[in-house]
There are 2 protein chains.
Amino acid sequence: MRKSRIAVPDSSDNSALKVVGELKQDILTGYFQPGEKLKMTRLKARYQVGVSPLREALSQLLIEQLVVVENQRGFKVHPVSREEMLDIYATRAEIEALCIGLAVEKGDDEWEAGILAAAHTMHKFGDMVDKDPQEWERRHQAFHTAIAQGCNSPTLLQVRRSLYEKASRYRNLWLKKNMANSAVFDANQKEHQLLIDALLAGNGDTARELIRQHLLSPSRALEQTPGLEELAG
Amino acid sequence: MRKSRIAVPDSSDNSALKVVGELKQDILTGYFQPGEKLKMTRLKARYQVGVSPLREALSQLLIEQLVVVENQRGFKVHPVSREEMLDIYATRAEIEALCIGLAVEKGDDEWEAGILAAAHTMHKFGDMVDKDPQEWERRHQAFHTAIAQGCNSPTLLQVRRSLYEKASRYRNLWLKKNMANSAVFDANQKEHQLLIDALLAGNGDTARELIRQHLLSPSRALEQTPGLEELAG
DNA sequence: TAACTATTAAATATCGATAAATTAAAATAG
DNA sequence: CTATTTTAATTTATCGATATTTAATAGTTA
């Protein structure tokens, strides 16, 4: 089986790069809470490295806006806000629509095949959503990535990935407080087939509008949940 | 007068953050050539700091894709390629069009006023283009930023800025080898008024198409220049 | 008790030193 | 003379130590 989409530490990586992956995961999954201070002593203990690699890793996450820094006051996990969440999801929807529009124009047979393959892998896991939501989200994302790949623009895909990570942070934080009904996120599975139909028919405008709705529905759900800000504590 | 758009080192910043700005400038302007190895001894001498802040700064530019790193082999300036240039410019055109489309929808009176103000500042400098191209580019960019601001999305504007920086690197590298006719870049000044007209008229589609052409013309010019790859040396 | 100051403790940012790895140069063999 | 191995010199990546800054605590005065 292929390696997961998420970067996995390679033995040829240095300490900083290895720690970037773990630290990012810990922030995205909410092990470190939004706004939480990231003390060096704790990070050293957790990742078994010195301050130098840690500061390098944090410097990278700084640009990715997963942490913030204040001079002489160290690093903190980037705080969350309803405002930022809506902005990220809205931007993500536009970027995804852009990818899809370009993909319909440029996509070739290989692209179409990739979509169908990813759709198959995803559907096969359809009834396991509740069993292993992590794995389902992986396949779901692989499906959408297969579509976006068709735009054939590394630069644009890079932007797309960065936004996905930020959004998935909000998604994870929400799931942590609402274990029960992840259904609200995944109720939109039927939309996938509509999307595929539009794509293979070369109907870019329809596909773009479908994906916009598809990506905005989680943020609408999150928006209505009370106390998003309290996730910060 | 307001501070320039480019981040300027603040006394409250740490060494790493100060060095990020200088190092970025040195890469964007081509003081450090594409692909060039960035040896710590040289960087230490140039920026008067130790390796710790340097590695932190480089770690940030790593994510911004202005440098690359190889384990145990240090940092290099991110290499250039015709392919990447075209991809960056194409993506930038799409993102800018996206910003403008949203801005036309959401923009208010203040937004319109900001555009006219920036246009005035830019036009006042119209005949000084050859005298001080740097300053003109600053005003030109301020004009386009004033327009994009209307989208009112920090996330999207962040993406936009990152792409602008990468593109301006190619622009600077090209200018370095072709001091003479920066005219080819700026021949499109007339398009600005057309753009303003479309924006104030609320004609989003026209504005989007105008900006696409506006942003793609430099890349078409660059594409035709012989030996872009040799800029790496 | 509240507000301010002094003192102590904790944490950060940075440097210099060191071990590991890479590159360059010299030496040796075929 | 070319190719391979050995040796030396650079260079990187990381740690531990230190100066400086911030936060916490105790003490003082009104």
# chains A, B, ... in the order shown; residues from 1 in each chain; ligands from 1
call {"tool": "interface_residues", "arguments": {"of": "chain A", "to": "chain C", "cutoff": "8 Å", "atoms": "only C-alpha atoms (C1' of nucleotides)", "output": "ChimeraX atom specification"}}
result
/A:39,72-74
call {"tool": "interface_residues", "arguments": {"of": "chain D", "to": "chain A", "cutoff": "8 Å", "atoms": "only C-alpha atoms (C1' of nucleotides)", "output": "short mmCIF file (atom, residue, chain, number, x, y, z; two decimals) with N, CA, C and O atoms (P, O5', C5', C4', C3', O3' and C1' of nucleotides), in the first residue's frame"}}
result
data_model
loop_
_atom_site.label_atom_id
_atom_site.label_comp_id
_atom_site.auth_asym_id
_atom_site.auth_seq_id
_atom_site.Cartn_x
_atom_site.Cartn_y
_atom_site.Cartn_z
P DA D 13 22.27 20.81 8.25
"O5'" DA D 13 22.28 20.18 9.71
"C5'" DA D 13 22.55 18.80 9.85
"C4'" DA D 13 22.58 18.43 11.32
"C3'" DA D 13 21.38 18.95 12.13
"O3'" DA D 13 20.89 17.87 12.91
"C1'" DA D 13 23.41 19.66 13.13
P DT D 14 19.54 18.01 13.77
"O5'" DT D 14 20.10 18.17 15.25
"C5'" DT D 14 21.01 17.19 15.75
"C4'" DT D 14 21.73 17.72 16.97
"C3'" DT D 14 20.83 18.30 18.05
"O3'" DT D 14 20.77 17.37 19.11
"C1'" DT D 14 22.86 19.54 17.76
P DC D 15 19.78 17.66 20.36
"O5'" DC D 15 20.85 18.00 21.49
"C5'" DC D 15 22.03 17.21 21.58
"C4'" DC D 15 23.06 17.90 22.46
"C3'" DC D 15 22.51 18.41 23.78
"O3'" DC D 15 23.27 17.87 24.85
"C1'" DC D 15 23.72 20.14 22.64
P DT D 21 17.48 42.47 28.21
"O5'" DT D 21 16.06 41.75 28.35
"C5'" DT D 21 15.61 40.87 27.31
"C4'" DT D 21 14.44 40.06 27.81
"C3'" DT D 21 13.34 40.89 28.47
"O3'" DT D 21 12.14 40.71 27.77
"C1'" DT D 21 13.91 38.97 29.78
P DT D 22 10.84 41.51 28.17
"O5'" DT D 22 10.01 40.44 29.00
"C5'" DT D 22 9.63 39.22 28.37
"C4'" DT D 22 9.16 38.23 29.40
"C3'" DT D 22 7.89 38.64 30.15
"O3'" DT D 22 6.94 37.60 30.03
"C1'" DT D 22 9.55 37.85 31.65
#
call {"tool": "closest_atom_pairs", "arguments": {"of": "chain B", "to": "chain A", "cutoff": "8 Å", "atoms": "only C-alpha atoms", "output": "Markdown table"}}
result
| residue | atom | partner | partner_atom | distance |
| --- | --- | --- | --- | --- |
| B:Ser12 | CA | A:Asn71 | CA | 6.5 |
| B:Asp13 | CA | A:Asn71 | CA | 5.9 |
| B:Asn14 | CA | A:Asn71 | CA | 5.9 |
| B:Ser52 | CA | A:Ser52 | CA | 6.8 |
| B:Arg55 | CA | A:Glu56 | CA | 6.6 |
| B:Glu56 | CA | A:Glu56 | CA | 4.9 |
| B:Ala57 | CA | A:Ser59 | CA | 7.4 |
| B:Ser59 | CA | A:Gln60 | CA | 5.5 |
| B:Gln60 | CA | A:Gln60 | CA | 5.0 |
| B:Leu62 | CA | A:Gln60 | CA | 7.4 |
| B:Ile63 | CA | A:Gln60 | CA | 6.1 |
| B:Glu64 | CA | A:Ile63 | CA | 7.5 |
| B:Asn71 | CA | A:Asp13 | CA | 5.9 |
| B:Gln72 | CA | A:Asn14 | CA | 7.9 |
| B:Asp87 | CA | A:Ser153 | CA | 6.2 |
| B:Ile88 | CA | A:Thr155 | CA | 6.2 |
| B:Thr91 | CA | A:Leu156 | CA | 6.1 |
| B:Glu94 | CA | A:Leu98 | CA | 7.9 |
| B:Leu98 | CA | A:Glu94 | CA | 7.9 |
| B:Ser153 | CA | A:Asp87 | CA | 6.2 |
| B:Pro154 | CA | A:Asp87 | CA | 7.4 |
| B:Thr155 | CA | A:Ile88 | CA | 6.2 |
| B:Leu156 | CA | A:Thr91 | CA | 6.1 |
| B:Val159 | CA | A:Val159 | CA | 7.2 |
call {"tool": "select_by_dssp", "arguments": {"residues": "range 62-187 of chain A", "states": "helix (DSSP H, G or I)", "output": "JSON, numbers by chain"}}
result
{"A": [62, 63, 82, 83, 84, 85, 86, 87, 88, 89, 90, 91, 92, 93, 94, 95, 96, 97, 98, 99, 100, 101, 102, 103, 104, 105, 106, 109, 110, 111, 112, 113, 114, 115, 116, 117, 118, 119, 120, 121, 122, 123, 124, 126, 127, 128, 133, 134, 135, 136, 137, 138, 139, 140, 141, 142, 143, 144, 145, 146, 147, 148, 149, 150, 151, 154, 155, 156, 157, 158, 159, 160, 161, 162, 163, 164, 165, 166, 167, 168, 169, 170, 171, 172, 173, 174, 175, 176, 177, 183, 184, 185, 186, 187]}
call {"tool": "atom_distance", "arguments": {"atom1": "CA of Arg139 in chain B", "atom2": "CA of Val19 in chain B"}}
result
24.9 Å
call {"tool": "select_by_dssp", "arguments": {"residues": "range 9-232 of chain A", "states": "strand (DSSP E)", "output": "list in words"}}
result
Lys37, Leu38, Val67, Val68, Val69, Glu70, Gly74, Phe75, Lys76 and Val77 of chain A
call {"tool": "residues_around", "arguments": {"residues": "Leu194 in chain B", "least_positions_apart": "5", "cutoff": "9 Å", "atoms": "only C-alpha atoms (C1' of nucleotides)", "output": "number ranges by chain"}}
result
B: 199, 207, 210
call {"tool": "write_last_selection", "arguments": {"atoms": "all heavy atoms", "output": "tab-separated table (two decimals), in the first residue's frame"}}
result
chain	number	residue	atom	x	y	z
B	199	LEU	N	-14.17	47.91	-12.10
B	199	LEU	CA	-14.40	47.69	-10.67
B	199	LEU	C	-15.50	48.60	-10.15
B	199	LEU	O	-16.43	48.15	-9.48
B	199	LEU	CB	-13.10	47.95	-9.89
B	199	LEU	CG	-11.99	46.93	-10.08
B	199	LEU	CD1	-10.72	47.39	-9.38
B	199	LEU	CD2	-12.42	45.57	-9.55
B	207	ALA	N	-13.46	42.70	-14.93
B	207	ALA	CA	-12.29	42.98	-14.10
B	207	ALA	C	-11.41	41.75	-13.97
B	207	ALA	O	-10.18	41.82	-14.04
B	207	ALA	CB	-12.74	43.47	-12.72
B	210	LEU	N	-9.53	41.15	-17.16
B	210	LEU	CA	-8.48	42.16	-17.32
B	210	LEU	C	-7.27	41.83	-16.46
B	210	LEU	O	-6.12	41.90	-16.91
B	210	LEU	CB	-9.02	43.54	-16.92
B	210	LEU	CG	-9.87	44.26	-17.97
B	210	LEU	CD1	-10.53	45.49	-17.36
B	210	LEU	CD2	-9.03	44.64	-19.17
call {"tool": "atom_distance", "arguments": {"atom1": "CA of Asn172 in chain A", "atom2": "CA of Gln33 in chain A"}}
result
11.2 Å
